[in-house]
file model.cif (mmCIF, C-alpha atoms and all ligand atoms)
data_run
#
loop_
_atom_site.label_atom_id
_atom_site.label_comp_id
_atom_site.auth_asym_id
_atom_site.auth_seq_id
_atom_site.Cartn_x
_atom_site.Cartn_y
_atom_site.Cartn_z
CA MET A 1 70.28 -58.33 61.96
CA ARG A 2 67.06 -56.54 61.50
CA HIS A 3 68.69 -54.44 58.81
CA ARG A 4 70.01 -57.58 57.02
CA LEU A 5 66.63 -59.25 57.07
CA GLY A 6 65.04 -56.12 55.66
CA HIS A 7 67.66 -56.02 52.93
CA TYR A 8 67.10 -59.73 52.17
CA ILE A 9 63.35 -59.21 51.86
CA LEU A 10 63.84 -56.12 49.69
CA VAL A 11 66.28 -57.87 47.32
CA ASN A 12 64.02 -60.91 46.99
CA ALA A 13 61.00 -58.72 46.36
CA MET A 14 62.91 -56.87 43.64
CA ASN A 15 63.96 -60.18 42.06
CA TYR A 16 60.39 -61.44 42.20
CA GLU A 17 59.17 -58.26 40.58
CA LYS A 18 61.82 -58.55 37.89
CA HIS A 19 60.73 -62.12 37.14
CA LEU A 20 57.11 -61.09 37.18
CA ILE A 21 57.74 -58.22 34.77
CA ALA A 22 59.87 -60.49 32.56
CA GLY A 23 57.12 -63.13 32.65
CA VAL A 24 54.37 -60.67 31.79
CA CYS A 25 56.52 -59.12 29.05
CA GLY A 26 57.29 -62.62 27.73
CA LEU A 27 53.63 -63.58 27.68
CA GLY A 28 52.65 -60.22 26.22
CA GLY A 29 55.38 -60.63 23.61
CA ALA A 30 54.18 -64.12 22.71
CA VAL A 31 50.57 -62.91 22.38
CA ALA A 32 51.71 -59.95 20.27
CA ALA A 33 53.81 -62.27 18.08
CA VAL A 34 50.87 -64.63 17.51
CA ALA A 35 48.47 -61.74 16.80
CA GLY A 36 51.05 -60.22 14.44
CA GLY A 37 51.54 -63.54 12.65
CA LEU A 38 47.80 -64.02 12.25
CA SER A 39 47.42 -60.47 10.95
CA VAL A 40 50.15 -60.93 8.34
CA GLN A 41 48.65 -64.27 7.28
CA TYR A 42 45.22 -62.63 7.04
CA VAL A 43 46.41 -59.65 4.97
CA ILE A 44 48.37 -61.85 2.53
CA GLY A 45 45.51 -64.36 2.22
CA ARG A 46 42.93 -61.65 1.71
CA ARG A 47 44.93 -60.17 -1.16
CA ARG A 48 45.30 -63.62 -2.69
CA ALA A 49 41.53 -64.22 -2.45
CA GLU A 50 40.75 -60.81 -3.94
CA ARG A 51 43.14 -61.47 -6.84
CA ALA A 52 41.52 -64.85 -7.44
CA TRP A 53 38.09 -63.19 -7.57
CA ALA A 54 39.28 -60.32 -9.79
CA VAL A 55 40.52 -62.71 -12.50
CA GLY A 56 37.84 -65.27 -11.73
CA ASP A 57 35.39 -64.89 -14.62
CA ARG A 58 34.21 -68.32 -15.71
CA PRO A 59 32.67 -69.34 -19.05
CA ARG A 60 29.09 -70.52 -19.22
CA LEU A 61 28.60 -74.18 -18.43
CA GLU A 62 27.41 -76.15 -21.43
CA ASP A 63 24.79 -78.90 -21.60
CA VAL A 64 23.67 -78.37 -18.02
CA GLY A 65 20.18 -79.72 -18.60
CA SER A 66 17.34 -79.18 -16.15
CA VAL A 67 15.16 -81.03 -13.69
CA GLU A 68 11.40 -81.13 -13.21
CA ARG A 69 11.54 -81.47 -9.47
CA LEU A 70 14.00 -80.46 -6.79
CA THR A 71 13.66 -81.29 -3.12
CA ILE A 72 16.09 -80.22 -0.41
CA LEU A 73 15.68 -82.17 2.81
CA PRO A 74 17.71 -80.78 5.73
CA LEU A 75 19.33 -83.68 7.61
CA VAL A 76 21.45 -81.48 9.89
CA ASP A 77 20.85 -77.89 10.94
CA TRP A 78 20.04 -75.95 14.09
CA TYR A 79 16.25 -76.30 14.19
CA THR A 80 14.22 -79.46 13.62
CA ALA A 81 10.70 -80.17 12.42
CA GLY A 82 10.02 -82.40 15.44
CA ASP A 83 11.37 -84.26 18.44
CA ASP A 84 12.31 -87.26 16.32
CA PHE A 85 15.30 -85.32 14.97
CA VAL A 86 18.51 -83.98 16.44
CA GLY A 87 19.51 -80.37 15.75
CA GLU A 88 23.07 -79.05 15.85
CA PRO A 89 25.10 -76.09 14.45
CA GLY A 90 26.17 -77.81 11.24
CA VAL A 91 24.87 -78.45 7.74
CA SER A 92 23.85 -81.55 5.84
CA TYR A 93 21.12 -81.46 3.20
CA LEU A 94 19.81 -84.27 1.02
CA VAL A 95 19.28 -82.88 -2.47
CA ARG A 96 17.03 -84.80 -4.85
CA ALA A 97 17.08 -83.48 -8.40
CA ASP A 98 14.79 -85.76 -10.43
CA ASP A 99 16.60 -89.10 -10.37
CA THR A 100 19.82 -87.82 -8.80
CA THR A 101 20.34 -87.95 -5.04
CA ILE A 102 23.18 -85.90 -3.56
CA LEU A 103 24.24 -85.44 0.04
CA PHE A 104 25.47 -81.87 0.50
CA ASP A 105 27.84 -81.68 3.52
CA LEU A 106 28.08 -83.99 6.52
CA GLY A 107 27.15 -81.92 9.59
CA PHE A 108 29.24 -81.05 12.65
CA ASN A 109 28.79 -83.95 15.12
CA VAL A 110 29.75 -81.40 17.74
CA HIS A 111 29.99 -83.95 20.57
CA GLY A 112 31.93 -86.51 18.52
CA GLU A 113 29.18 -89.13 18.86
CA HIS A 114 28.46 -92.39 17.14
CA PRO A 115 25.90 -92.52 15.74
CA SER A 116 26.19 -88.83 14.90
CA PRO A 117 23.17 -86.51 14.62
CA LEU A 118 23.44 -87.00 10.83
CA LEU A 119 23.20 -90.80 11.11
CA ARG A 120 20.37 -90.59 13.63
CA ASN A 121 18.37 -88.19 11.46
CA MET A 122 19.05 -90.31 8.36
CA GLU A 123 17.76 -93.36 10.17
CA ALA A 124 14.65 -91.49 11.35
CA LEU A 125 13.97 -90.52 7.72
CA GLY A 126 14.82 -93.95 6.25
CA ILE A 127 17.81 -92.71 4.22
CA GLU A 128 20.91 -94.83 3.57
CA PHE A 129 24.27 -94.06 2.03
CA SER A 130 23.52 -96.58 -0.70
CA ASP A 131 20.74 -94.19 -1.86
CA LEU A 132 23.33 -91.58 -2.80
CA ASP A 133 24.66 -90.85 -6.27
CA ALA A 134 27.19 -88.36 -4.93
CA ILE A 135 28.37 -86.33 -1.96
CA VAL A 136 29.37 -82.67 -2.28
CA ILE A 137 31.45 -81.03 0.47
CA SER A 138 31.08 -77.24 0.39
CA HIS A 139 34.24 -76.34 2.32
CA PRO A 140 36.67 -77.84 4.81
CA HIS A 141 35.17 -76.57 8.07
CA VAL A 142 34.18 -78.54 11.17
CA ASP A 143 30.46 -77.95 10.80
CA HIS A 144 30.37 -79.27 7.21
CA LEU A 145 32.77 -82.21 7.02
CA GLY A 146 31.74 -84.02 10.19
CA GLY A 147 33.75 -82.61 13.08
CA LEU A 148 36.91 -81.05 14.41
CA THR A 149 39.08 -84.18 14.37
CA TYR A 150 38.36 -84.58 10.66
CA GLN A 151 39.09 -80.92 9.85
CA VAL A 152 42.45 -81.19 11.59
CA ARG A 153 43.31 -84.35 9.62
CA ARG A 154 41.87 -83.00 6.33
CA ARG A 155 39.30 -85.76 6.19
CA PHE A 156 35.54 -85.96 6.07
CA ALA A 157 33.23 -88.53 7.66
CA PRO A 158 29.60 -88.78 8.70
CA SER A 159 30.17 -90.12 12.23
CA ALA A 160 32.79 -90.62 14.97
CA LYS A 161 33.28 -94.30 14.05
CA PRO A 162 34.03 -95.51 10.51
CA VAL A 163 31.08 -95.63 8.13
CA ASP A 164 31.43 -97.29 4.73
CA LEU A 165 30.45 -94.74 2.08
CA GLY A 166 30.52 -97.49 -0.55
CA GLY A 167 32.85 -95.72 -2.96
CA VAL A 168 30.39 -92.88 -3.56
CA THR A 169 31.68 -90.12 -5.84
CA THR A 170 32.49 -87.12 -3.63
CA TYR A 171 33.23 -83.62 -4.92
CA VAL A 172 35.50 -81.75 -2.54
CA PRO A 173 36.73 -78.13 -2.88
CA SER A 174 40.28 -78.87 -1.70
CA SER A 175 42.43 -81.81 -0.68
CA LEU A 176 40.26 -83.93 1.66
CA SER A 177 40.17 -87.68 2.10
CA ASN A 178 37.98 -90.56 3.17
CA PRO A 179 39.06 -94.18 2.59
CA THR A 180 35.60 -95.32 1.40
CA ALA A 181 34.79 -92.47 -1.03
CA ASP A 182 35.82 -91.87 -4.64
CA ILE A 183 37.12 -88.30 -4.42
CA ILE A 184 37.11 -85.63 -7.11
CA VAL A 185 38.61 -82.23 -6.29
CA SER A 186 36.16 -79.83 -7.92
CA GLY A 187 37.91 -76.48 -7.75
CA GLU A 188 36.38 -75.45 -11.08
CA PRO A 189 32.69 -75.34 -12.04
CA ARG A 190 31.37 -78.55 -13.56
CA VAL A 191 28.14 -80.34 -14.35
CA ILE A 192 27.88 -83.40 -12.11
CA ALA A 193 24.44 -84.76 -13.09
CA PRO A 194 21.59 -83.71 -15.42
CA GLY A 195 20.60 -80.20 -14.31
CA VAL A 196 23.10 -80.20 -11.42
CA ALA A 197 26.49 -78.47 -11.15
CA VAL A 198 29.08 -77.43 -8.61
CA THR A 199 29.89 -73.74 -8.90
CA GLY A 200 33.67 -74.06 -8.43
CA VAL A 201 35.56 -72.65 -5.51
CA ILE A 202 35.39 -69.01 -4.42
CA PRO A 203 38.12 -68.57 -1.80
CA ARG A 204 38.09 -66.26 1.21
CA GLN A 205 40.73 -65.65 3.82
CA LEU A 206 39.26 -65.76 7.32
CA PHE A 207 41.06 -64.26 10.31
CA LEU A 208 42.37 -67.03 12.60
CA ILE A 209 40.52 -69.78 10.68
CA GLY A 210 42.62 -69.26 7.55
CA TRP A 211 42.16 -70.00 3.84
CA SER A 212 38.60 -71.09 3.07
CA PRO A 213 37.85 -72.48 -0.40
CA GLU A 214 34.07 -72.83 -0.70
CA GLN A 215 31.90 -74.21 -3.48
CA SER A 216 28.13 -74.32 -3.77
CA LEU A 217 25.73 -76.65 -5.51
CA ALA A 218 23.41 -75.35 -8.23
CA VAL A 219 20.33 -77.01 -9.67
CA ASN A 220 18.53 -75.80 -12.80
CA VAL A 221 14.79 -76.25 -12.29
CA LYS A 222 12.98 -76.24 -15.62
CA GLY A 223 11.20 -72.97 -16.37
CA LYS A 224 12.12 -71.48 -12.98
CA GLY A 225 15.89 -71.10 -12.90
CA ILE A 226 18.87 -71.85 -10.72
CA VAL A 227 18.54 -72.85 -7.08
CA ILE A 228 21.85 -72.39 -5.25
CA ILE A 229 22.56 -74.55 -2.21
CA VAL A 230 25.16 -72.93 0.03
CA GLY A 231 27.26 -74.23 2.94
CA CYS A 232 28.56 -71.40 5.17
CA GLY A 233 28.43 -68.56 2.64
CA HIS A 234 31.93 -67.29 3.43
CA PRO A 235 32.51 -65.98 -0.13
CA THR A 236 29.48 -63.66 0.46
CA LEU A 237 26.01 -64.00 -1.00
CA GLN A 238 26.84 -61.39 -3.62
CA ARG A 239 29.80 -63.31 -5.05
CA ILE A 240 28.04 -66.65 -4.92
CA ILE A 241 25.16 -65.21 -6.96
CA GLU A 242 27.49 -63.42 -9.37
CA ARG A 243 29.33 -66.70 -9.98
CA ALA A 244 26.03 -68.48 -10.67
CA GLU A 245 25.06 -65.71 -13.10
CA MET A 246 28.32 -66.25 -14.97
CA LEU A 247 27.77 -69.99 -15.25
CA PHE A 248 24.11 -70.22 -16.26
CA GLU A 249 21.86 -68.56 -18.81
CA GLU A 250 18.89 -69.09 -16.54
CA PRO A 251 18.19 -66.57 -13.76
CA VAL A 252 18.88 -67.30 -10.12
CA TYR A 253 15.59 -68.56 -8.71
CA GLY A 254 16.52 -69.47 -5.18
CA VAL A 255 19.14 -69.56 -2.43
CA VAL A 256 19.07 -72.19 0.32
CA GLY A 257 21.66 -72.58 3.09
CA GLY A 258 24.20 -70.81 5.26
CA LEU A 259 25.18 -67.19 4.62
CA HIS A 260 26.97 -66.33 7.85
CA TYR A 261 24.95 -63.48 9.35
CA PRO A 262 25.50 -63.82 13.14
CA VAL A 263 24.45 -60.30 14.13
CA THR A 264 22.84 -60.71 17.55
CA SER A 265 23.67 -63.19 20.27
CA SER A 266 20.50 -65.19 20.01
CA ARG A 267 20.08 -68.78 21.08
CA GLY A 268 21.74 -68.52 24.45
CA GLU A 269 25.11 -67.18 23.35
CA LYS A 270 25.85 -70.43 21.56
CA LEU A 271 26.56 -68.71 18.29
CA GLU A 272 28.74 -66.28 20.23
CA ALA A 273 30.56 -69.15 21.89
CA PHE A 274 31.71 -70.31 18.50
CA GLY A 275 32.99 -66.80 17.83
CA LEU A 276 30.91 -66.57 14.67
CA ARG A 277 30.48 -62.82 14.90
CA TYR A 278 34.20 -62.22 14.99
CA PHE A 279 35.67 -65.12 13.03
CA GLY A 280 34.55 -66.66 9.80
CA THR A 281 33.36 -63.28 8.55
CA GLY A 282 36.24 -62.56 6.17
CA LYS A 283 36.84 -59.27 8.01
CA TRP A 284 38.98 -58.16 10.96
CA PRO A 285 37.63 -59.54 14.26
CA TRP A 286 36.93 -56.02 15.58
CA ASP A 287 34.62 -55.41 12.61
CA PRO A 288 31.84 -57.97 13.19
CA VAL A 289 28.89 -58.60 10.87
CA GLY A 290 26.24 -55.91 11.33
CA LYS A 291 22.60 -55.37 10.46
CA GLN A 292 23.48 -53.16 7.50
CA GLU A 293 25.32 -56.03 5.81
CA VAL A 294 22.24 -58.19 6.18
CA ARG A 295 20.08 -55.41 4.72
CA ASP A 296 22.54 -54.97 1.82
CA ALA A 297 22.46 -58.70 1.08
CA ILE A 298 18.67 -58.73 1.20
CA ALA A 299 18.55 -55.76 -1.20
CA PHE A 300 20.99 -57.50 -3.58
CA LEU A 301 18.94 -60.69 -3.55
CA SER A 302 15.62 -58.83 -3.83
CA ARG A 303 16.71 -57.39 -7.19
CA ARG A 304 16.64 -61.00 -8.52
CA ASP A 305 13.05 -61.37 -7.30
CA PRO A 306 13.72 -64.92 -6.06
CA GLY A 307 11.00 -67.52 -5.78
CA LEU A 308 12.76 -69.38 -2.95
CA VAL A 309 14.89 -68.12 -0.04
CA ALA A 310 15.84 -70.21 3.00
CA LEU A 311 18.54 -69.02 5.40
CA SER A 312 20.30 -71.64 7.51
CA PRO A 313 20.26 -70.79 11.22
CA HIS A 314 23.46 -72.78 11.78
CA ASP A 315 25.65 -69.70 11.21
CA SER A 316 23.08 -66.89 11.30
CA CYS A 317 21.18 -65.49 14.27
CA ASP A 318 17.40 -65.43 14.61
CA TRP A 319 17.34 -61.69 13.91
CA SER A 320 18.86 -62.33 10.46
CA VAL A 321 16.57 -65.29 9.79
CA GLU A 322 13.57 -63.08 10.57
CA ALA A 323 14.95 -60.21 8.47
CA PHE A 324 15.10 -62.58 5.48
CA HIS A 325 11.67 -63.97 6.32
CA GLN A 326 10.14 -60.49 6.48
CA ALA A 327 11.84 -59.41 3.25
CA PHE A 328 10.90 -62.40 1.12
CA ARG A 329 7.62 -63.43 2.75
CA ALA A 330 5.88 -65.96 0.46
CA ALA A 331 9.19 -66.98 -1.12
CA TYR A 332 10.76 -67.67 2.28
CA GLN A 333 10.99 -71.14 3.82
CA TYR A 334 12.43 -72.05 7.21
CA ILE A 335 15.15 -74.68 7.25
CA LEU A 336 14.05 -77.46 9.60
CA VAL A 337 15.61 -80.89 9.85
CA GLY A 338 13.16 -83.42 8.44
CA ARG A 339 11.05 -80.99 6.38
CA ASP A 340 11.39 -80.97 2.59
CA ILE A 341 11.78 -77.76 0.60
CA THR A 342 10.40 -78.48 -2.86
CA VAL A 343 10.58 -76.67 -6.20
CA THR A 344 8.74 -78.04 -9.20
CA GLY A 345 9.39 -77.08 -12.81
CA ALA A 346 7.11 -74.70 -14.66
ZN ZN B 1 28.99 -73.48 8.55
ZN ZN B 2 32.61 -72.34 7.36
#

call {"tool": "encode", "arguments": {"input": "model.cif", "output": "structure tokens", "more": "lines below"}}
Ligand SMILES: [Zn+2]
Ligand SMILES: [Zn+2]
result
Amino acid sequence: MRHRLGHYILVNAMNYEKHLIAGVCGLGGAVAAVAGGLSVQYVIGRRRAERAWAVGDRPRLEDVGSVERLTILPLVDWYTAGDDFVGEPGVSYLVRADDTTILFDLGFNVHGEHPSPLLRNMEALGIEFSDLDAIVISHPHVDHLGGLTYQVRRRFAPSAKPVDLGGVTTYVPSSLSNPTADIIVSGEPRVIAPGVAVTGVIPRQLFLIGWSPEQSLAVNVKGKGIVIIVGCGHPTLQRIIERAEMLFEEPVYGVVGGLHYPVTSSRGEKLEAFGLRYFGTGKWPWDPVGKQEVRDAIAFLSRRDPGLVALSPHDSCDWSVEAFHQAFRAAYQYILVGRDITVTGA
């Protein structure tokens, strides 16, 4: 009896172990399959993006015009100019180029609220959608088109509940929809208002996140040059500037916006929590953004001797923001919700 019981226990234990091993192997196999699939997708996409860049020379834009005065008013970003505003890890900037008013990106609305941080900050600043001549969406990521639910459904919206955009002309870099906007897919560079152009898409393949077509906004300030307004900066600062130098005769005068330099885990791990160091970089996740890349980008930009540099803290750590601040000193401006950055023509 005792012998039978022992045998019973032994056989059951062996079965359990077999199931356990099979389960672990199954799980391990599934993880390996997913990782393998992501790796293949990444390698293929990266080649496709590199090919697109290699044959991507663009002719100069004609009849761009220029503006006397440019102001960039951050409506959504990490830091604010006061307690009246809400900060969050997304981007939305109001760009006023003489008589043209453009909303660049729609923020993150990370908690899916209505009214969203964008709407609350617009109200605090007395801005309405009817003031806009156009909207430009830099790229189809959560923190730029208004939230995760919209990214999943390839839509964009300024808040969790419907907001009537009044048929405003909206330049998007890829297929995105909103029932109250008049949508133009602007994959190629084009002038959209006097002195104002979209740079056309520069794609990048991001591990896990996938294909990322990103465009920037460029404004020609009379006698100064081109100010580039950037969303996340996935294509890299270097390529964004090189594209602008293809499109315009005037020199690059300034760069304002996100450039994706999350090097240290500042701000209470929040940037880490979003995996910014490992994803969204355009590189393998085990090769995160480092200080040398930031120094290289600063050196590249320094050779243009820019008159305006402002790095968005929404996808860069405080160490990188300070590195840019120290490098560009008088030309540097902090991006704070509610505080205008102004460039006037010479
Ligand atoms: Zn971003
Ligand atoms: Zn992005």

call {"tool": "residues_near_ligand", "arguments": {"input": "model.cif", "ligand": "ligand ZN 2 (chain B)", "cutoff": "10 Å", "atoms": "only C-alpha atoms and all ligand atoms", "output": "PyMOL selection string"}}
result
chain A and resi 90-91+138-145+206+209+212-214+231-235+258-260+276+279-281+315

call {"tool": "atom_distance", "arguments": {"input": "model.cif", "atom1": "CA of Pro251 (chain A)", "atom2": "CA of Leu70 (chain A)"}}
result
16.1 Å

call {"tool": "closest_residue", "arguments": {"input": "model.cif", "among": "A:Ala32, A:Ala327, A:Val219, A:Ile135", "to": "Thr344 (chain A)", "atoms": "all atoms listed in the file"}}
result
A:Val219

call {"tool": "residues_around", "arguments": {"input": "model.cif", "residues": "Lys291 (chain A)", "least_positions_apart": "5", "cutoff": "12 Å", "atoms": "only C-alpha atoms", "output": "ChimeraX atom specification"}}
result
/A:261-264,277,296-298,316-317,319-324

call {"tool": "closest_residue", "arguments": {"input": "model.cif", "among": "A:Ser265, A:Thr80, A:Ser312, A:Ser174", "to": "ligand ZN 1 (chain B)", "atoms": "all atoms listed in the file"}}
result
A:Ser312

call {"tool": "atom_distance", "arguments": {"input": "model.cif", "atom1": "CA of Ala197 (chain A)", "atom2": "CA of Leu217 (chain A)"}}
result
6.0 Å

call {"tool": "atom_distance", "arguments": {"input": "model.cif", "atom1": "CA of Glu50 (chain A)", "atom2": "CA of Arg304 (chain A)"}}
result
24.5 Å

call {"tool": "residues_around", "arguments": {"input": "model.cif", "residues": "Gly345 (chain A)", "least_positions_apart": "2", "cutoff": "10 Å", "atoms": "only C-alpha atoms", "output": "list in words"}}
result
Ser66, Val67, Glu68, Arg69, Leu70, Asn220, Val221, Lys222, Gly223, Lys224, Gly225 and Val343 of chain A

call {"tool": "closest_residue", "arguments": {"input": "model.cif", "among": "A:Ile202, A:Ala310, A:Val256, A:Ile226", "to": "Arg48 (chain A)", "atoms": "only C-alpha atoms"}}
result
A:Ile202

call {"tool": "closest_residue", "arguments": {"input": "model.cif", "among": "A:Gly36, A:Pro74, A:Pro189, A:Gly45", "to": "Lys283 (chain A)", "atoms": "all atoms listed in the file"}}
result
A:Gly45

call {"tool": "closest_residue", "arguments": {"input": "model.cif", "among": "A:Pro115, A:Ser175, A:Ala134, A:Tyr278", "to": "Arg153 (chain A)", "atoms": "only C-alpha atoms"}}
result
A:Ser175

call {"tool": "residues_around", "arguments": {"input": "model.cif", "residues": "Val198 (chain A)", "least_positions_apart": "4", "cutoff": "7 Å", "atoms": "all atoms listed in the file", "output": "list in words"}}
result
Pro189, Arg190, Val191, Gln215, Ser216, Leu217 and Ala218 of chain A

call {"tool": "residues_around", "arguments": {"input": "model.cif", "residues": "region 332-336 of chain A", "least_positions_apart": "6", "cutoff": "9 Å", "atoms": "all atoms listed in the file", "output": "PyMOL selection string"}}
result
chain A and resi 73-82+87+256-257+307-313+321+324-326

call {"tool": "write_last_selection", "arguments": {"input": "model.cif", "atoms": "C-alpha atoms", "output": "short mmCIF file (atom, residue, chain, number, x, y, z; two decimals), in the coordinates of the input"}}
result
data_model
loop_
_atom_site.label_atom_id
_atom_site.label_comp_id
_atom_site.auth_asym_id
_atom_site.auth_seq_id
_atom_site.Cartn_x
_atom_site.Cartn_y
_atom_site.Cartn_z
CA LEU A 73 15.68 -82.17 2.81
CA PRO A 74 17.71 -80.78 5.73
CA LEU A 75 19.33 -83.68 7.61
CA VAL A 76 21.45 -81.48 9.89
CA ASP A 77 20.85 -77.89 10.94
CA TRP A 78 20.04 -75.95 14.09
CA TYR A 79 16.25 -76.30 14.19
CA THR A 80 14.22 -79.46 13.62
CA ALA A 81 10.70 -80.17 12.42
CA GLY A 82 10.02 -82.40 15.44
CA GLY A 87 19.51 -80.37 15.75
CA VAL A 256 19.07 -72.19 0.32
CA GLY A 257 21.66 -72.58 3.09
CA GLY A 307 11.00 -67.52 -5.78
CA LEU A 308 12.76 -69.38 -2.95
CA VAL A 309 14.89 -68.12 -0.04
CA ALA A 310 15.84 -70.21 3.00
CA LEU A 311 18.54 -69.02 5.40
CA SER A 312 20.30 -71.64 7.51
CA PRO A 313 20.26 -70.79 11.22
CA VAL A 321 16.57 -65.29 9.79
CA PHE A 324 15.10 -62.58 5.48
CA HIS A 325 11.67 -63.97 6.32
CA GLN A 326 10.14 -60.49 6.48
#

call {"tool": "residues_around", "arguments": {"input": "model.cif", "residues": "Arg47 (chain A)", "least_positions_apart": "3", "cutoff": "12 Å", "atoms": "all atoms listed in the file", "output": "number ranges by chain"}}
result
A: 40-44, 50-54, 203-206, 211, 282

call {"tool": "write_last_selection", "arguments": {"input": "model.cif", "atoms": "C-alpha atoms", "output": "PDB file, in the frame of the given file"}}
result
ATOM      1  CA  VAL A  40      50.150 -60.930   8.340  1.00  0.00           C
ATOM      2  CA  GLN A  41      48.650 -64.270   7.280  1.00  0.00           C
ATOM      3  CA  TYR A  42      45.220 -62.630   7.040  1.00  0.00           C
ATOM      4  CA  VAL A  43      46.410 -59.650   4.970  1.00  0.00           C
ATOM      5  CA  ILE A  44      48.370 -61.850   2.530  1.00  0.00           C
ATOM      6  CA  GLU A  50      40.750 -60.810  -3.940  1.00  0.00           C
ATOM      7  CA  ARG A  51      43.140 -61.470  -6.840  1.00  0.00           C
ATOM      8  CA  ALA A  52      41.520 -64.850  -7.440  1.00  0.00           C
ATOM      9  CA  TRP A  53      38.090 -63.190  -7.570  1.00  0.00           C
ATOM     10  CA  ALA A  54      39.280 -60.320  -9.790  1.00  0.00           C
ATOM     11  CA  PRO A 203      38.120 -68.570  -1.800  1.00  0.00           C
ATOM     12  CA  ARG A 204      38.090 -66.260   1.210  1.00  0.00           C
ATOM     13  CA  GLN A 205      40.730 -65.650   3.820  1.00  0.00           C
ATOM     14  CA  LEU A 206      39.260 -65.760   7.320  1.00  0.00           C
ATOM     15  CA  TRP A 211      42.160 -70.000   3.840  1.00  0.00           C
ATOM     16  CA  GLY A 282      36.240 -62.560   6.170  1.00  0.00           C
TER      17      GLY A 282
END

call {"tool": "closest_residue", "arguments": {"input": "model.cif", "among": "A:Leu165, A:Leu208, A:Val230, A:Ile72", "to": "His314 (chain A)", "atoms": "all atoms listed in the file"}}
result
A:Val230

call {"tool": "residues_near_point", "arguments": {"input": "model.cif", "point": "(14.1, -81.8, -3.1)", "cutoff": "6 Å", "atoms": "all atoms listed in the file", "output": "ChimeraX atom specification"}}
result
/A:70-72,95-96,341-342

call {"tool": "build_atoms", "arguments": {"input": "model.cif", "residues": "region 86-99 of chain A", "atoms": "N, CA and C atoms", "output": "CSV table (one decimal), in the frame of the given file"}}
result
chain,number,residue,atom,x,y,z
A,86,VAL,N,17.5,-84.7,15.6
A,86,VAL,CA,18.5,-84.0,16.4
A,86,VAL,C,19.0,-82.7,15.7
A,87,GLY,N,19.0,-81.6,16.4
A,87,GLY,CA,19.5,-80.4,15.8
A,87,GLY,C,20.9,-80.1,16.3
A,88,GLU,N,21.7,-79.5,15.4
A,88,GLU,CA,23.1,-79.0,15.8
A,88,GLU,C,23.6,-78.0,14.9
A,89,PRO,N,24.6,-77.2,15.3
A,89,PRO,CA,25.1,-76.1,14.4
A,89,PRO,C,26.0,-76.5,13.3
A,90,GLY,N,25.5,-77.4,12.4
A,90,GLY,CA,26.2,-77.8,11.2
A,90,GLY,C,25.2,-77.9,10.1
A,91,VAL,N,25.7,-78.3,8.9
A,91,VAL,CA,24.9,-78.4,7.7
A,91,VAL,C,25.0,-79.8,7.1
A,92,SER,N,23.9,-80.4,6.8
A,92,SER,CA,23.8,-81.6,5.8
A,92,SER,C,22.5,-81.6,5.2
A,93,TYR,N,22.4,-81.5,3.9
A,93,TYR,CA,21.1,-81.5,3.2
A,93,TYR,C,21.1,-82.6,2.2
A,94,LEU,N,20.0,-83.3,2.1
A,94,LEU,CA,19.8,-84.3,1.0
A,94,LEU,C,19.1,-83.6,-0.2
A,95,VAL,N,19.8,-83.6,-1.3
A,95,VAL,CA,19.3,-82.9,-2.5
A,95,VAL,C,18.8,-83.9,-3.5
A,96,ARG,N,17.5,-83.9,-3.8
A,96,ARG,CA,17.0,-84.8,-4.8
A,96,ARG,C,16.6,-84.0,-6.1
A,97,ALA,N,17.3,-84.2,-7.2
A,97,ALA,CA,17.1,-83.5,-8.4
A,97,ALA,C,16.7,-84.5,-9.5
A,98,ASP,N,15.4,-84.6,-9.7
A,98,ASP,CA,14.8,-85.8,-10.4
A,98,ASP,C,15.4,-87.1,-9.9
A,99,ASP,N,16.1,-87.8,-10.8
A,99,ASP,CA,16.6,-89.1,-10.4
A,99,ASP,C,17.9,-89.1,-9.6
